[in-house]
Amino acid sequence: GNCCDKCSRNIFPTFALDDEINFDNFPGLNTLTFNEVETVSAATILQFMRLIERVRRTMAHEYGLDLKTLLPLQAYSRKYVAGQTQKGGGGGEGDFVTLHTDEATHGGYHYSCVLYLSTQGEDFQGGDFVFNDPKDPDEPEEDLRHMSLEEQLRRTGRKLIPFHPKRGAAVIFSSGWENMHEVEKITHGIRYAVPAFFTTCPVPEAAYDQMVAGKPKNDEDIADDWLHLLLAHRPESPMEGAGRVRELLMKWHYMCTPLSWH
């Protein structure tokens, strides 16, 4: 990828191939959340896991992190629909995302990624992902008088750096105030993306002791975790689903790497 001067963000024009994120090959990939996998095919679940693990390994490489210290805190497919107003949390079907930093949203978010499943100009219009940076002191101020007060406040003293989403591309960046960002309003169509957020906070050892099955000790344990935490396709209550996902994320490194890496 290409990184900025401060190496806090990386742009990957081709992070996933078309066949890897094809909705015909992997039905439901564009709407998947770990909390609702009962009706999702095993092939789609496994492919989603592959993509998130690819992000994790790329982050560890780009930022010089020990892979076992980096774990996902949240990852899901998100649908942005022109003309819709977001209701609820980050998974809502709104048509824009207001200016924010991910770490301010959740203190445990240290590294972020957005993987794009659709292309601007083909699947939707508008919807740029925009970094909002301080303007260099030597740069002249642009004339903003013809803009709305809201737009003047957004741009005064700031440098907007847009990224035009393309299917298979990814933006990876650190989650702090150095990477304020937003999604501009979608004016037509549907925009699909996979936001993923990672932490370097260690899992307390006591957390593993409270699980039905703690850290996997052999390949059979790992296989059991894959079945129990992802592939069993059993009905469950929202509370059971939340507990399962929490255990999945805490065990991620153990499930996605060889025993020799544990």
# chains A, B, ... in the order shown; residues from 1 in each chain; ligands from 1
call {"tool": "residues_around", "arguments": {"residues": "Asp225 of chain A", "least_positions_apart": "2", "cutoff": "10 Å", "atoms": "only C-alpha atoms", "output": "number ranges by chain"}}
result
A: 213-216, 219-223, 227-232, 247-248, 251-252, 254-255
call {"tool": "residues_around", "arguments": {"residues": "Phe34 of chain A", "least_positions_apart": "2", "cutoff": "8 Å", "atoms": "only C-alpha atoms", "output": "VMD selection string"}}
result
chain A and resid 32 36 to 37 75 to 76 230 245
call {"tool": "select_by_dssp", "arguments": {"residues": "segment 40-222 of chain A", "states": "helix (DSSP H, G or I)", "output": "PyMOL selection string"}}
result
chain A and resi 42-63+67-69+102-105+149-155+177-179+205-209+219-222
call {"tool": "atom_distance", "arguments": {"atom1": "atom CA of Ala196 of chain A", "atom2": "atom CA of Ala82 of chain A"}}
result
22.2 Å
call {"tool": "residues_around", "arguments": {"residues": "segment 98-108 of chain A", "least_positions_apart": "5", "cutoff": "10 Å", "atoms": "only C-alpha atoms", "output": "PyMOL selection string"}}
result
chain A and resi 73+90+130-132+154+174-185+197-201
call {"tool": "write_last_selection", "arguments": {"atoms": "N, CA and C atoms", "output": "PDB file, in the first residue's frame"}}
result
ATOM      1  N   LEU A  73     -11.897  -6.004  17.754  1.00  0.00           N
ATOM      2  CA  LEU A  73     -12.946  -5.717  18.734  1.00  0.00           C
ATOM      3  C   LEU A  73     -14.314  -5.697  18.075  1.00  0.00           C
ATOM      4  N   GLY A  90     -23.473   2.120  14.871  1.00  0.00           N
ATOM      5  CA  GLY A  90     -22.693   2.212  13.647  1.00  0.00           C
ATOM      6  C   GLY A  90     -23.172   1.335  12.523  1.00  0.00           C
ATOM      7  N   VAL A 130     -13.498  10.518   3.696  1.00  0.00           N
ATOM      8  CA  VAL A 130     -12.691  11.741   3.717  1.00  0.00           C
ATOM      9  C   VAL A 130     -11.922  11.858   5.027  1.00  0.00           C
ATOM     10  N   PHE A 131     -10.587  11.944   4.928  1.00  0.00           N
ATOM     11  CA  PHE A 131      -9.768  12.318   6.072  1.00  0.00           C
ATOM     12  C   PHE A 131      -9.811  13.841   6.201  1.00  0.00           C
ATOM     13  N   ASN A 132      -9.923  14.322   7.441  1.00  0.00           N
ATOM     14  CA  ASN A 132     -10.001  15.747   7.717  1.00  0.00           C
ATOM     15  C   ASN A 132      -8.772  16.122   8.539  1.00  0.00           C
ATOM     16  N   ARG A 154     -16.541  23.171   8.688  1.00  0.00           N
ATOM     17  CA  ARG A 154     -15.895  21.895   8.373  1.00  0.00           C
ATOM     18  C   ARG A 154     -14.556  22.106   7.682  1.00  0.00           C
ATOM     19  N   SER A 174      -4.490   4.294  11.918  1.00  0.00           N
ATOM     20  CA  SER A 174      -4.575   4.314  13.370  1.00  0.00           C
ATOM     21  C   SER A 174      -5.827   5.081  13.772  1.00  0.00           C
ATOM     22  N   SER A 175      -6.385   4.742  14.934  1.00  0.00           N
ATOM     23  CA  SER A 175      -7.758   5.152  15.247  1.00  0.00           C
ATOM     24  C   SER A 175      -7.874   6.465  16.010  1.00  0.00           C
ATOM     25  N   GLY A 176      -6.740   7.141  16.266  1.00  0.00           N
ATOM     26  CA  GLY A 176      -6.777   8.330  17.106  1.00  0.00           C
ATOM     27  C   GLY A 176      -7.113   9.614  16.358  1.00  0.00           C
ATOM     28  N   TRP A 177      -6.853  10.747  17.046  1.00  0.00           N
ATOM     29  CA  TRP A 177      -7.225  12.060  16.510  1.00  0.00           C
ATOM     30  C   TRP A 177      -6.402  12.440  15.285  1.00  0.00           C
ATOM     31  N   GLU A 178      -5.304  11.735  15.038  1.00  0.00           N
ATOM     32  CA  GLU A 178      -4.520  12.007  13.833  1.00  0.00           C
ATOM     33  C   GLU A 178      -5.268  11.597  12.570  1.00  0.00           C
ATOM     34  N   ASN A 179      -6.360  10.863  12.732  1.00  0.00           N
ATOM     35  CA  ASN A 179      -7.113  10.383  11.571  1.00  0.00           C
ATOM     36  C   ASN A 179      -8.607  10.660  11.718  1.00  0.00           C
ATOM     37  N   MET A 180      -8.935  11.932  11.902  1.00  0.00           N
ATOM     38  CA  MET A 180     -10.349  12.309  11.862  1.00  0.00           C
ATOM     39  C   MET A 180     -10.881  12.018  10.458  1.00  0.00           C
ATOM     40  N   HIS A 181     -12.099  11.505  10.386  1.00  0.00           N
ATOM     41  CA  HIS A 181     -12.636  11.133   9.077  1.00  0.00           C
ATOM     42  C   HIS A 181     -14.163  11.150   9.099  1.00  0.00           C
ATOM     43  N   GLU A 182     -14.720  11.038   7.920  1.00  0.00           N
ATOM     44  CA  GLU A 182     -16.176  11.055   7.746  1.00  0.00           C
ATOM     45  C   GLU A 182     -16.513  10.381   6.425  1.00  0.00           C
ATOM     46  N   VAL A 183     -17.791  10.103   6.213  1.00  0.00           N
ATOM     47  CA  VAL A 183     -18.276   9.613   4.926  1.00  0.00           C
ATOM     48  C   VAL A 183     -19.276  10.635   4.405  1.00  0.00           C
ATOM     49  N   GLU A 184     -18.984  11.176   3.237  1.00  0.00           N
ATOM     50  CA  GLU A 184     -19.882  12.178   2.664  1.00  0.00           C
ATOM     51  C   GLU A 184     -21.192  11.542   2.208  1.00  0.00           C
ATOM     52  N   LYS A 185     -22.193  12.361   2.082  1.00  0.00           N
ATOM     53  CA  LYS A 185     -23.550  11.897   1.794  1.00  0.00           C
ATOM     54  C   LYS A 185     -23.614  11.118   0.481  1.00  0.00           C
ATOM     55  N   PHE A 197     -12.375  -2.893  13.533  1.00  0.00           N
ATOM     56  CA  PHE A 197     -11.655  -2.135  14.544  1.00  0.00           C
ATOM     57  C   PHE A 197     -10.870  -3.102  15.427  1.00  0.00           C
ATOM     58  N   PHE A 198      -9.612  -2.740  15.691  1.00  0.00           N
ATOM     59  CA  PHE A 198      -8.694  -3.653  16.381  1.00  0.00           C
ATOM     60  C   PHE A 198      -8.110  -2.980  17.618  1.00  0.00           C
ATOM     61  N   THR A 199      -7.763  -3.812  18.590  1.00  0.00           N
ATOM     62  CA  THR A 199      -7.210  -3.313  19.842  1.00  0.00           C
ATOM     63  C   THR A 199      -5.880  -3.996  20.146  1.00  0.00           C
ATOM     64  N   THR A 200      -5.057  -3.316  20.915  1.00  0.00           N
ATOM     65  CA  THR A 200      -3.827  -3.919  21.436  1.00  0.00           C
ATOM     66  C   THR A 200      -3.956  -4.178  22.934  1.00  0.00           C
ATOM     67  N   CYS A 201      -5.158  -3.982  23.486  1.00  0.00           N
ATOM     68  CA  CYS A 201      -5.377  -4.283  24.897  1.00  0.00           C
ATOM     69  C   CYS A 201      -5.357  -5.801  25.108  1.00  0.00           C
TER      70      CYS A 201
END
call {"tool": "select_by_dssp", "arguments": {"residues": "segment 43-255 of chain A", "states": "strand (DSSP E)", "output": "PyMOL selection string"}}
result
chain A and resi 71-75+78-81+97-100+111-116+124-126+129-134+158-163+170-174+181-183+186-199
call {"tool": "residues_around", "arguments": {"residues": "Ile52 of chain A", "least_positions_apart": "4", "cutoff": "9 Å", "atoms": "only C-alpha atoms", "output": "PyMOL selection string"}}
result
chain A and resi 47-48+56-57+72+75+196
call {"tool": "write_last_selection", "arguments": {"atoms": "N, CA and C atoms", "output": "mmCIF file, in the first residue's frame"}}
result
data_model
loop_
_atom_site.group_PDB
_atom_site.id
_atom_site.type_symbol
_atom_site.label_atom_id
_atom_site.label_comp_id
_atom_site.auth_asym_id
_atom_site.auth_seq_id
_atom_site.Cartn_x
_atom_site.Cartn_y
_atom_site.Cartn_z
ATOM 1 N N GLN A 47 -15.049 -17.040 4.534
ATOM 2 C CA GLN A 47 -14.450 -16.002 3.706
ATOM 3 C C GLN A 47 -14.362 -14.677 4.454
ATOM 4 N N PHE A 48 -15.395 -14.355 5.209
ATOM 5 C CA PHE A 48 -15.359 -13.132 6.015
ATOM 6 C C PHE A 48 -14.221 -13.200 7.029
ATOM 7 N N ARG A 56 -5.885 -8.019 9.799
ATOM 8 C CA ARG A 56 -5.104 -8.074 11.037
ATOM 9 C C ARG A 56 -3.625 -8.287 10.749
ATOM 10 N N ARG A 57 -3.324 -9.210 9.856
ATOM 11 C CA ARG A 57 -1.914 -9.483 9.543
ATOM 12 C C ARG A 57 -1.270 -8.310 8.811
ATOM 13 N N PRO A 72 -9.241 -8.220 16.894
ATOM 14 C CA PRO A 72 -10.416 -7.438 16.478
ATOM 15 C C PRO A 72 -11.361 -7.219 17.655
ATOM 16 N N ALA A 75 -16.136 -6.140 13.836
ATOM 17 C CA ALA A 75 -16.037 -6.193 12.375
ATOM 18 C C ALA A 75 -17.392 -6.650 11.851
ATOM 19 N N ALA A 196 -13.780 -2.451 10.327
ATOM 20 C CA ALA A 196 -13.200 -3.372 11.311
ATOM 21 C C ALA A 196 -12.296 -2.579 12.245
#
call {"tool": "residues_around", "arguments": {"residues": "segment 138-149 of chain A", "least_positions_apart": "4", "cutoff": "12 Å", "atoms": "only C-alpha atoms", "output": "list in words"}}
result
Pro134, Leu153, Arg154, Arg155, Thr156, Gly157, Arg158, Lys159 and Leu160 of chain A
call {"tool": "write_last_selection", "arguments": {"atoms": "all heavy atoms", "output": "PDB file, in the first residue's frame"}}
result
ATOM      1  N   PRO A 134      -5.385  18.872   9.624  1.00  0.00           N
ATOM      2  CA  PRO A 134      -5.027  20.294   9.748  1.00  0.00           C
ATOM      3  C   PRO A 134      -4.352  20.775   8.464  1.00  0.00           C
ATOM      4  O   PRO A 134      -3.563  20.044   7.860  1.00  0.00           O
ATOM      5  CB  PRO A 134      -4.052  20.318  10.922  1.00  0.00           C
ATOM      6  CG  PRO A 134      -4.247  19.017  11.634  1.00  0.00           C
ATOM      7  CD  PRO A 134      -4.684  18.029  10.604  1.00  0.00           C
ATOM      8  N   LEU A 153     -17.393  25.784   8.609  1.00  0.00           N
ATOM      9  CA  LEU A 153     -16.808  25.276   9.847  1.00  0.00           C
ATOM     10  C   LEU A 153     -16.032  23.989   9.600  1.00  0.00           C
ATOM     11  O   LEU A 153     -14.992  23.740  10.208  1.00  0.00           O
ATOM     12  CB  LEU A 153     -17.912  25.041  10.878  1.00  0.00           C
ATOM     13  CG  LEU A 153     -18.592  26.299  11.428  1.00  0.00           C
ATOM     14  CD1 LEU A 153     -19.785  25.917  12.298  1.00  0.00           C
ATOM     15  CD2 LEU A 153     -17.603  27.138  12.225  1.00  0.00           C
ATOM     16  N   ARG A 154     -16.541  23.171   8.688  1.00  0.00           N
ATOM     17  CA  ARG A 154     -15.895  21.895   8.373  1.00  0.00           C
ATOM     18  C   ARG A 154     -14.556  22.106   7.682  1.00  0.00           C
ATOM     19  O   ARG A 154     -13.615  21.327   7.874  1.00  0.00           O
ATOM     20  CB  ARG A 154     -16.839  21.090   7.488  1.00  0.00           C
ATOM     21  CG  ARG A 154     -16.286  19.760   6.976  1.00  0.00           C
ATOM     22  CD  ARG A 154     -17.324  19.068   6.103  1.00  0.00           C
ATOM     23  NE  ARG A 154     -16.812  17.858   5.492  1.00  0.00           N
ATOM     24  CZ  ARG A 154     -16.799  17.603   4.182  1.00  0.00           C
ATOM     25  NH1 ARG A 154     -17.289  18.505   3.338  1.00  0.00           N
ATOM     26  NH2 ARG A 154     -16.314  16.484   3.709  1.00  0.00           N
ATOM     27  N   ARG A 155     -14.442  23.164   6.890  1.00  0.00           N
ATOM     28  CA  ARG A 155     -13.274  23.344   6.045  1.00  0.00           C
ATOM     29  C   ARG A 155     -12.258  24.368   6.548  1.00  0.00           C
ATOM     30  O   ARG A 155     -11.096  24.334   6.143  1.00  0.00           O
ATOM     31  CB  ARG A 155     -13.724  23.776   4.634  1.00  0.00           C
ATOM     32  CG  ARG A 155     -14.440  22.679   3.863  1.00  0.00           C
ATOM     33  CD  ARG A 155     -14.966  23.196   2.532  1.00  0.00           C
ATOM     34  NE  ARG A 155     -15.584  22.149   1.739  1.00  0.00           N
ATOM     35  CZ  ARG A 155     -14.939  21.400   0.837  1.00  0.00           C
ATOM     36  NH1 ARG A 155     -13.650  21.612   0.611  1.00  0.00           N
ATOM     37  NH2 ARG A 155     -15.569  20.471   0.170  1.00  0.00           N
ATOM     38  N   THR A 156     -12.660  25.295   7.402  1.00  0.00           N
ATOM     39  CA  THR A 156     -11.755  26.349   7.837  1.00  0.00           C
ATOM     40  C   THR A 156     -10.548  25.772   8.579  1.00  0.00           C
ATOM     41  O   THR A 156     -10.690  25.060   9.573  1.00  0.00           O
ATOM     42  CB  THR A 156     -12.492  27.353   8.746  1.00  0.00           C
ATOM     43  OG1 THR A 156     -13.565  27.955   8.010  1.00  0.00           O
ATOM     44  CG2 THR A 156     -11.539  28.439   9.234  1.00  0.00           C
ATOM     45  N   GLY A 157      -9.369  26.062   8.062  1.00  0.00           N
ATOM     46  CA  GLY A 157      -8.138  25.577   8.669  1.00  0.00           C
ATOM     47  C   GLY A 157      -7.899  24.087   8.488  1.00  0.00           C
ATOM     48  O   GLY A 157      -6.994  23.521   9.107  1.00  0.00           O
ATOM     49  N   ARG A 158      -8.691  23.465   7.616  1.00  0.00           N
ATOM     50  CA  ARG A 158      -8.595  22.019   7.444  1.00  0.00           C
ATOM     51  C   ARG A 158      -8.270  21.657   6.001  1.00  0.00           C
ATOM     52  O   ARG A 158      -8.522  22.434   5.073  1.00  0.00           O
ATOM     53  CB  ARG A 158      -9.909  21.322   7.841  1.00  0.00           C
ATOM     54  CG  ARG A 158     -10.468  21.719   9.190  1.00  0.00           C
ATOM     55  CD  ARG A 158      -9.535  21.358  10.320  1.00  0.00           C
ATOM     56  NE  ARG A 158      -9.333  19.914  10.451  1.00  0.00           N
ATOM     57  CZ  ARG A 158      -8.569  19.348  11.366  1.00  0.00           C
ATOM     58  NH1 ARG A 158      -7.907  20.109  12.239  1.00  0.00           N
ATOM     59  NH2 ARG A 158      -8.437  18.028  11.431  1.00  0.00           N
ATOM     60  N   LYS A 159      -7.705  20.487   5.817  1.00  0.00           N
ATOM     61  CA  LYS A 159      -7.401  19.951   4.499  1.00  0.00           C
ATOM     62  C   LYS A 159      -8.163  18.638   4.348  1.00  0.00           C
ATOM     63  O   LYS A 159      -7.937  17.681   5.101  1.00  0.00           O
ATOM     64  CB  LYS A 159      -5.894  19.711   4.358  1.00  0.00           C
ATOM     65  CG  LYS A 159      -5.466  19.166   3.004  1.00  0.00           C
ATOM     66  CD  LYS A 159      -3.955  19.009   2.950  1.00  0.00           C
ATOM     67  CE  LYS A 159      -3.485  18.502   1.602  1.00  0.00           C
ATOM     68  NZ  LYS A 159      -2.004  18.355   1.568  1.00  0.00           N
ATOM     69  N   LEU A 160      -9.087  18.598   3.406  1.00  0.00           N
ATOM     70  CA  LEU A 160      -9.903  17.410   3.195  1.00  0.00           C
ATOM     71  C   LEU A 160      -9.238  16.508   2.165  1.00  0.00           C
ATOM     72  O   LEU A 160      -8.882  16.947   1.067  1.00  0.00           O
ATOM     73  CB  LEU A 160     -11.310  17.794   2.724  1.00  0.00           C
ATOM     74  CG  LEU A 160     -12.074  18.771   3.621  1.00  0.00           C
ATOM     75  CD1 LEU A 160     -13.509  18.932   3.134  1.00  0.00           C
ATOM     76  CD2 LEU A 160     -12.048  18.324   5.075  1.00  0.00           C
TER      77      LEU A 160
END
call {"tool": "closest_residue", "arguments": {"among": "A:Val203, A:Ile186, A:Leu115, A:Val194", "to": "Asp128 of chain A", "atoms": "only C-alpha atoms"}}
result
A:Ile186
call {"tool": "closest_residue", "arguments": {"among": "A:Pro162, A:Leu71, A:Asn35, A:Pro204", "to": "Pro235 of chain A", "atoms": "only C-alpha atoms"}}
result
A:Asn35
call {"tool": "closest_residue", "arguments": {"among": "A:Arg54, A:Asn25, A:Glu240, A:Pro137", "to": "Ala42 of chain A", "atoms": "only C-alpha atoms"}}
result
A:Asn25
call {"tool": "closest_residue", "arguments": {"among": "A:His61, A:Lys79, A:Lys217, A:Arg9", "to": "His262 of chain A", "atoms": "only C-alpha atoms"}}
result
A:Lys217
